[in-house]
Amino acid sequence: MFLYLLILCAVVGVVALATIVLRRLKNRRVRQDALWSAYRQHMDELREASPEAELANVAQVYQRAGSGAKAAIVWQRTGVAQDSWFEGMNPSPGDLLLLRGGPGWGPDVSSPNVFYIAPGQVLSSMTLEAQEAADRHHSLSARAAAKQ
């Protein structure tokens, strides 16, 4: 009988501990998602305050070199894709970037419309994972507001 009570207490203790740990992890994720959502709002506000800067997603990085990377970006406002050169940087596919820069001749692709980004012209960036966290927070907030 004593052994049975001891095992039962151990099981109840493990379940209680697991519940506490899982709840803390969920709460931590919710807080992190809220932070990324606020950062995304900050990026949008920075874009509005900087008329020469635009948001773009890195669609594909097709060449990396020690001096930078060639990538296809998609401008968020227009959905237009454009070849680009990131001098001294190596962005990852999916990154959201607030960019300054300018078009120029692209000898490798024989295009007069390659967007050149020099160091310091990426004003802000978010990884794909951070964007997903911000979207998750926005969706949860919208659902909570709809219930009220």
# chains A, B, ... in the order shown; residues from 1 in each chain; ligands from 1

call {"tool": "residues_around", "arguments": {"residues": "Met43 (chain A)", "least_positions_apart": "2", "cutoff": "10 Å", "atoms": "only C-alpha atoms", "output": "list in words"}}
result
Ser37, Ala38, Tyr39, Arg40, Gln41, Glu45, Leu46, Arg47, Glu48, Ala49, Glu54, Leu55, Leu96, Leu97, Leu98, Leu123, Ser124, Ser125 and Met126 of chain A

call {"tool": "residues_around", "arguments": {"residues": "Ala130 (chain A)", "least_positions_apart": "2", "cutoff": "9 Å", "atoms": "only C-alpha atoms", "output": "list in words"}}
result
Asp33, Trp36, Ser37, Arg40, Met126, Thr127, Leu128, Glu132, Ala133, Ala134 and Asp135 of chain A

call {"tool": "atom_distance", "arguments": {"atom1": "CA of Ala59 (chain A)", "atom2": "CA of Pro93 (chain A)"}}
result
5.5 Å

call {"tool": "atom_distance", "arguments": {"atom1": "CA of Phe2 (chain A)", "atom2": "CA of Val14 (chain A)"}}
result
18.5 Å

call {"tool": "atom_distance", "arguments": {"atom1": "CA of Ser139 (chain A)", "atom2": "CA of Pro51 (chain A)"}}
result
28.4 Å

call {"tool": "closest_residue", "arguments": {"among": "A:Arg24, A:Arg64, A:Lys70, A:His138", "to": "Ser84 (chain A)", "atoms": "only C-alpha atoms"}}
result
A:Lys70

call {"tool": "closest_residue", "arguments": {"among": "A:Gln32, A:Gln148, A:Ser141, A:Gln63", "to": "Glu129 (chain A)", "atoms": "only C-alpha atoms"}}
result
A:Gln32
